[in-house]
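Structure record follows, encoded as C-alpha cells.
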Amino acid sequence: MTNKNKTLIDRVYTFNPDNSELVVAPEIIRMNIGYPRNHNDNHIDEMIDKVIRLSKEKIDIQSGFKIYDNIEIYPNRTGMEIGGKEFQTQKIITSQMRKAESAALFLCTIGPQMENWSQELIQEGELLRGYIVDAVASESVEKAMDLTHDYLEQLMRQEGLGITNRFSPGYCRWPVSDQHILFSLLPPGFCGITLTESSLMVPVKSVSGFIGIGPDAKRQDYACNICDDTTCFRKKIKS
Amino acid sequence: MNDLIGQISICIERGKVNKAAPYPPDMREQDGADELTKQAIDDGIDPNEILHGCMMGMQKIGEKFSRNEAFVPELLMSAKAMTAVMAHLKPFFQSGNVKRKGKFVIGTVAGDLHDIGKKLVAMVVEGNGWDVIDLGVDVSADKFIAAIDEHPGCIVGMSALLTTTMVNMEKSIQGIRAKHPGTKVIVGGAPLSTEYANKIHADGYAADPQGAVNLLNGF
C-alpha cells in the first residue's frame, strides 16, 4: 500500500448492519432447497415467505475485518503468506490474488438463533420447515457478508484501491484446516465466533476468509467462473 | 394388497401426514398416514404388511427423486409421513414382531457440518426397513468405530458436501478397516463419484437416497 493508506493496515474494523438491510429472495431459497428454476408450489412458497419474515427477529449480524499488508504468493501458486502465516490456498485462489497487495481477513455471523430454530423444528418432526429455516439462515449469512464486502469496497475505493472476490477455507480447494491460521490473525472471539478442533465455526451460520486489496484488484460478478473444481456442490448447483 | 396398506403407501409417497395436515392440497381433509396406520393396527393387519406399505411409498418417492420428478421438500414431507407410521410400529419393533433388514450407521465426516443430504438418506433408508443410527455431523473416525463396536454387523454410510472434507472419508475408512475389516462402507455427497469411492476403497457410492437403499439391499 502507498504511504497515503498505510493507516488502514492492521486496523480492526467492525461492521454490524441492521437486519432491515438484508434482502433474502424467496426464489433463491426455492432453488437452494432443491427446486428447479421457475418451479412453483404455493404451500412451499408460503412457508418460505413466512420463514423469511420471521427470520428478521432472529438474525443478529456481527461482522468485521482486519487488513494485512505485504501478502506473498508462492511462485508455484500453491500457497501464500498473509501476516507472516502460511495458507495452503491452491491455484484457483492464488491466481485471483496475484494483483492484490494486501488482504482483509474477515468474519461474519448471523448469530445462533436461526440454527437453534432449525434444530428445534427438526427435533419436533417439522423437517421441511426446519430445512427451509436452515436454507434462509445460510443465504442470510452470505447476504450479510455481501454487505460487509460492499462496505470494504467502498472504503478502499476512497483510497483509490480495488478489491477481489472473497475466498473461504473449505472452498476452491483451500483446506478447511487453515481456519485455525486465519483465526490466529484476528482478535480472540472476534464477532463472537469461535472454532472447534475440527475447524468448524460456532455459531454455525458464520463465514470466514479473505478479500484481496490493490490498485488493480478486481471483484468479479460470478465467483464460480474463476474455479475449475467441477466436483464442487456450488458449481453443480449453478450449472 | 389390502386397501388400507395401499392408502398408507400413497400417503407416504405424497407426504400426507395426518388429517389435519394441509399438504398436499389435493388430499386436504382426508385421513393421513397417522390415522390409516392406527386403523390398520386396530383392524388386526400384520404390522409387517404395514411396514411393507411404508417401504413401497418411500421407494416410489425415492425413485421419483432419482428421476428429478420429485424434490427435497417432497422427500421431507414423505419422511414426515413415514415417521407417523413408524411411531405406531415402534412397539412391534421393540417386541421383535416386526423385523428390520439390518443396521445402518450414518454420519457426515469430520470437518463437515452439512446435515440435510445425510438426513435424507437416513430417512429414506429407515423407510425402507432398516434400523438407522444417525451420528450427526462432524463425525470423526473414532466415533464411527465406536458406533460399529456398539452395533456389530452394521453397514456404515458416510456423507460429505465439500471437496475439502471428502478427503476425511479415506482416513475414516482406513480407521474402520483397521479395527473392523469386514465392515461395509458406502459413501455419498455432491462432490463424490464412483471413481472417488473406488479410490478410497469404499464398498459403494450412492448418488441419491434411493441409490443408498439399492446398495444396502444388494449387500
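Chain lettering (A, B, ...) mirrors the order of the C-alpha cells, residue numbering begins at 1 for each chain separately, and ligand numbering begins at 1 in order of display.
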Residues at most 12 Å from A:Phe167, counting only C-alpha atoms, excluding those fewer than 3 positions away in the same chain, as number ranges by chain? A: 87, 89-90, 92-97, 103-107, 145, 149, 163-164, 170-176, 179, 182, 207-212, 219, 223-224, 226-227
File dump, residues just selected, C-alpha atoms, as a short mmCIF file (atom, residue, chain, number, x, y, z; two decimals), in the first residue's frame:
```cif
data_model
loop_
_atom_site.label_atom_id
_atom_site.label_comp_id
_atom_site.auth_asym_id
_atom_site.auth_seq_id
_atom_site.Cartn_x
_atom_site.Cartn_y
_atom_site.Cartn_z
CA PHE A 87 -2.03 -20.53 3.86
CA THR A 89 -4.60 -21.79 -0.84
CA GLN A 90 -4.36 -23.54 -4.17
CA ILE A 92 -7.72 -21.20 -8.02
CA ILE A 93 -7.39 -18.64 -5.23
CA THR A 94 -3.77 -17.54 -5.53
CA SER A 95 -4.29 -16.76 -9.24
CA GLN A 96 -7.07 -14.39 -8.29
CA MET A 97 -4.89 -12.78 -5.63
CA ALA A 103 -5.71 -8.71 2.23
CA ALA A 104 -8.69 -8.13 4.51
CA LEU A 105 -9.27 -11.16 6.74
CA PHE A 106 -12.96 -11.25 7.58
CA LEU A 107 -15.54 -12.94 9.78
CA MET A 145 -21.25 -10.84 4.15
CA HIS A 149 -17.87 -6.91 1.23
CA ILE A 163 -10.82 -5.42 -4.10
CA THR A 164 -11.18 -9.04 -5.21
CA GLY A 170 -13.21 -25.26 2.59
CA TYR A 171 -13.93 -23.89 -0.88
CA CYS A 172 -11.90 -23.63 -4.10
CA ARG A 173 -9.64 -26.42 -2.80
CA TRP A 174 -8.50 -24.35 0.20
CA PRO A 175 -8.31 -26.83 3.15
CA VAL A 176 -10.78 -26.11 5.92
CA GLN A 179 -9.34 -21.84 9.61
CA LEU A 182 -6.95 -17.44 9.77
CA VAL A 207 -18.45 -17.21 7.17
CA SER A 208 -14.73 -16.53 7.21
CA GLY A 209 -11.99 -15.86 4.70
CA PHE A 210 -10.09 -13.06 3.00
CA ILE A 211 -10.50 -10.46 0.27
CA GLY A 212 -7.58 -9.14 -1.77
CA ARG A 219 -14.20 -8.09 -7.99
CA ALA A 223 -17.34 -16.16 -8.30
CA CYS A 224 -17.69 -19.74 -9.62
CA ILE A 226 -12.89 -18.47 -11.67
CA CYS A 227 -12.94 -22.02 -10.30
#
```
Spatial neighbours of A:Lys56, max dist 12 Å, only C-alpha atoms, sep filter under 4 positions, as a tab-separated table (two decimals) with C-alpha atoms, in the first residue's frame:
```
chain	number	residue	atom	x	y	z
A	18	ASP	CA	-29.21	-3.64	10.51
A	19	ASN	CA	-31.32	-6.68	9.64
A	20	SER	CA	-33.56	-4.46	7.54
A	21	GLU	CA	-30.68	-4.16	5.05
A	22	LEU	CA	-30.74	-7.93	4.42
A	23	VAL	CA	-32.68	-8.89	1.33
A	24	VAL	CA	-33.23	-12.63	1.00
A	49	ASP	CA	-42.16	-16.24	2.81
A	50	LYS	CA	-43.13	-16.76	6.44
A	51	VAL	CA	-39.67	-18.00	7.45
A	52	ILE	CA	-38.00	-15.03	5.72
A	60	ASP	CA	-28.06	-10.69	14.73
A	61	ILE	CA	-25.34	-9.69	12.27
A	110	ILE	CA	-25.88	-14.02	11.91
A	111	GLY	CA	-25.68	-15.47	15.45
A	113	GLN	CA	-30.80	-18.22	16.80
A	114	MET	CA	-31.58	-19.37	13.26
A	133	VAL	CA	-35.06	-22.16	8.13
A	136	VAL	CA	-32.76	-18.99	4.83
A	137	ALA	CA	-30.04	-18.83	7.50
A	140	SER	CA	-28.77	-14.64	5.15
```
Could you pull the residues within 12 Å of stretch 87-103 of chain B, counting only C-alpha atoms, minus those fewer than 6 positions along the same chain, as a PyMOL selection string? (chain A and resi 125) or (chain B and resi 17+33-42+45-52+54-55+80-81+122+125-134+147-148+150-157+183-184+213+216-219)
Could you dump the residues just selected with C-alpha atoms as a PDB file, in the first residue's frame?
```
ATOM      1  CA  GLY A 125     -40.540 -33.556  13.290  1.00  0.00           C
TER       2      GLY A 125
ATOM      3  CA  VAL B  17     -49.045 -36.947   7.437  1.00  0.00           C
ATOM      4  CA  ALA B  33     -50.552 -41.917   7.345  1.00  0.00           C
ATOM      5  CA  ASP B  34     -51.199 -41.441  11.062  1.00  0.00           C
ATOM      6  CA  GLU B  35     -54.945 -42.270  11.078  1.00  0.00           C
ATOM      7  CA  LEU B  36     -54.676 -45.021   8.468  1.00  0.00           C
ATOM      8  CA  THR B  37     -51.865 -46.825  10.311  1.00  0.00           C
ATOM      9  CA  LYS B  38     -53.819 -46.697  13.564  1.00  0.00           C
ATOM     10  CA  GLN B  39     -56.844 -48.099  11.764  1.00  0.00           C
ATOM     11  CA  ALA B  40     -54.762 -50.856  10.163  1.00  0.00           C
ATOM     12  CA  ILE B  41     -53.388 -51.918  13.551  1.00  0.00           C
ATOM     13  CA  ASP B  42     -56.873 -51.790  15.120  1.00  0.00           C
ATOM     14  CA  ILE B  45     -53.421 -56.159   9.956  1.00  0.00           C
ATOM     15  CA  ASP B  46     -49.936 -57.648  10.341  1.00  0.00           C
ATOM     16  CA  PRO B  47     -47.509 -54.807  11.216  1.00  0.00           C
ATOM     17  CA  ASN B  48     -45.021 -56.363   8.765  1.00  0.00           C
ATOM     18  CA  GLU B  49     -47.537 -55.626   5.994  1.00  0.00           C
ATOM     19  CA  ILE B  50     -47.859 -52.035   7.208  1.00  0.00           C
ATOM     20  CA  LEU B  51     -44.078 -51.689   7.105  1.00  0.00           C
ATOM     21  CA  HIS B  52     -44.124 -53.141   3.606  1.00  0.00           C
ATOM     22  CA  CYS B  54     -44.440 -47.842   4.065  1.00  0.00           C
ATOM     23  CA  MET B  55     -41.441 -49.196   2.154  1.00  0.00           C
ATOM     24  CA  LYS B  80     -42.567 -36.885   7.942  1.00  0.00           C
ATOM     25  CA  ALA B  81     -45.478 -39.133   6.925  1.00  0.00           C
ATOM     26  CA  ALA B 122     -31.128 -41.731   6.749  1.00  0.00           C
ATOM     27  CA  VAL B 125     -33.204 -45.896   4.307  1.00  0.00           C
ATOM     28  CA  GLU B 126     -35.254 -46.117   7.512  1.00  0.00           C
ATOM     29  CA  GLY B 127     -38.456 -46.007   5.498  1.00  0.00           C
ATOM     30  CA  ASN B 128     -37.141 -48.947   3.511  1.00  0.00           C
ATOM     31  CA  GLY B 129     -36.980 -51.130   6.573  1.00  0.00           C
ATOM     32  CA  TRP B 130     -33.532 -50.504   8.021  1.00  0.00           C
ATOM     33  CA  ASP B 131     -32.689 -49.564  11.600  1.00  0.00           C
ATOM     34  CA  VAL B 132     -30.796 -46.290  11.230  1.00  0.00           C
ATOM     35  CA  ILE B 133     -28.312 -44.844  13.725  1.00  0.00           C
ATOM     36  CA  ASP B 134     -27.620 -41.229  12.765  1.00  0.00           C
ATOM     37  CA  ALA B 147     -20.694 -46.985  16.679  1.00  0.00           C
ATOM     38  CA  ILE B 148     -19.585 -50.182  14.904  1.00  0.00           C
ATOM     39  CA  GLU B 150     -21.855 -50.836  19.624  1.00  0.00           C
ATOM     40  CA  HIS B 151     -23.746 -52.190  16.583  1.00  0.00           C
ATOM     41  CA  PRO B 152     -21.788 -55.200  15.276  1.00  0.00           C
ATOM     42  CA  GLY B 153     -22.631 -56.176  11.715  1.00  0.00           C
ATOM     43  CA  CYS B 154     -23.893 -52.721  10.779  1.00  0.00           C
ATOM     44  CA  ILE B 155     -23.236 -51.077   7.417  1.00  0.00           C
ATOM     45  CA  VAL B 156     -21.697 -47.597   7.512  1.00  0.00           C
ATOM     46  CA  GLY B 157     -22.695 -44.606   5.385  1.00  0.00           C
ATOM     47  CA  THR B 183     -17.496 -53.694   7.706  1.00  0.00           C
ATOM     48  CA  LYS B 184     -19.108 -52.437   4.524  1.00  0.00           C
ATOM     49  CA  VAL B 213     -31.214 -48.163  -0.422  1.00  0.00           C
ATOM     50  CA  LEU B 216     -27.821 -51.710   1.092  1.00  0.00           C
ATOM     51  CA  ASN B 217     -30.434 -54.134  -0.194  1.00  0.00           C
ATOM     52  CA  GLY B 218     -27.824 -55.605  -2.524  1.00  0.00           C
ATOM     53  CA  PHE B 219     -25.241 -56.472   0.163  1.00  0.00           C
TER      54      PHE B 219
END
```
Residues at most 12 Å from stretch 163-170 of chain B, counting only C-alpha atoms, excluding those fewer than 6 positions away in the same chain, as a ChimeraX atom specification? /A:88-90,168-178,198-200,229-235 /B:107-114,137-141,144,156-157,176-177,185-193,196-202
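Minimum atom-to-atom distance to A:Pro203, evaluated using only C-alpha atoms, belongs to A:Val141 out of A:Val141, A:Leu128, A:Ala25, A:Leu185.
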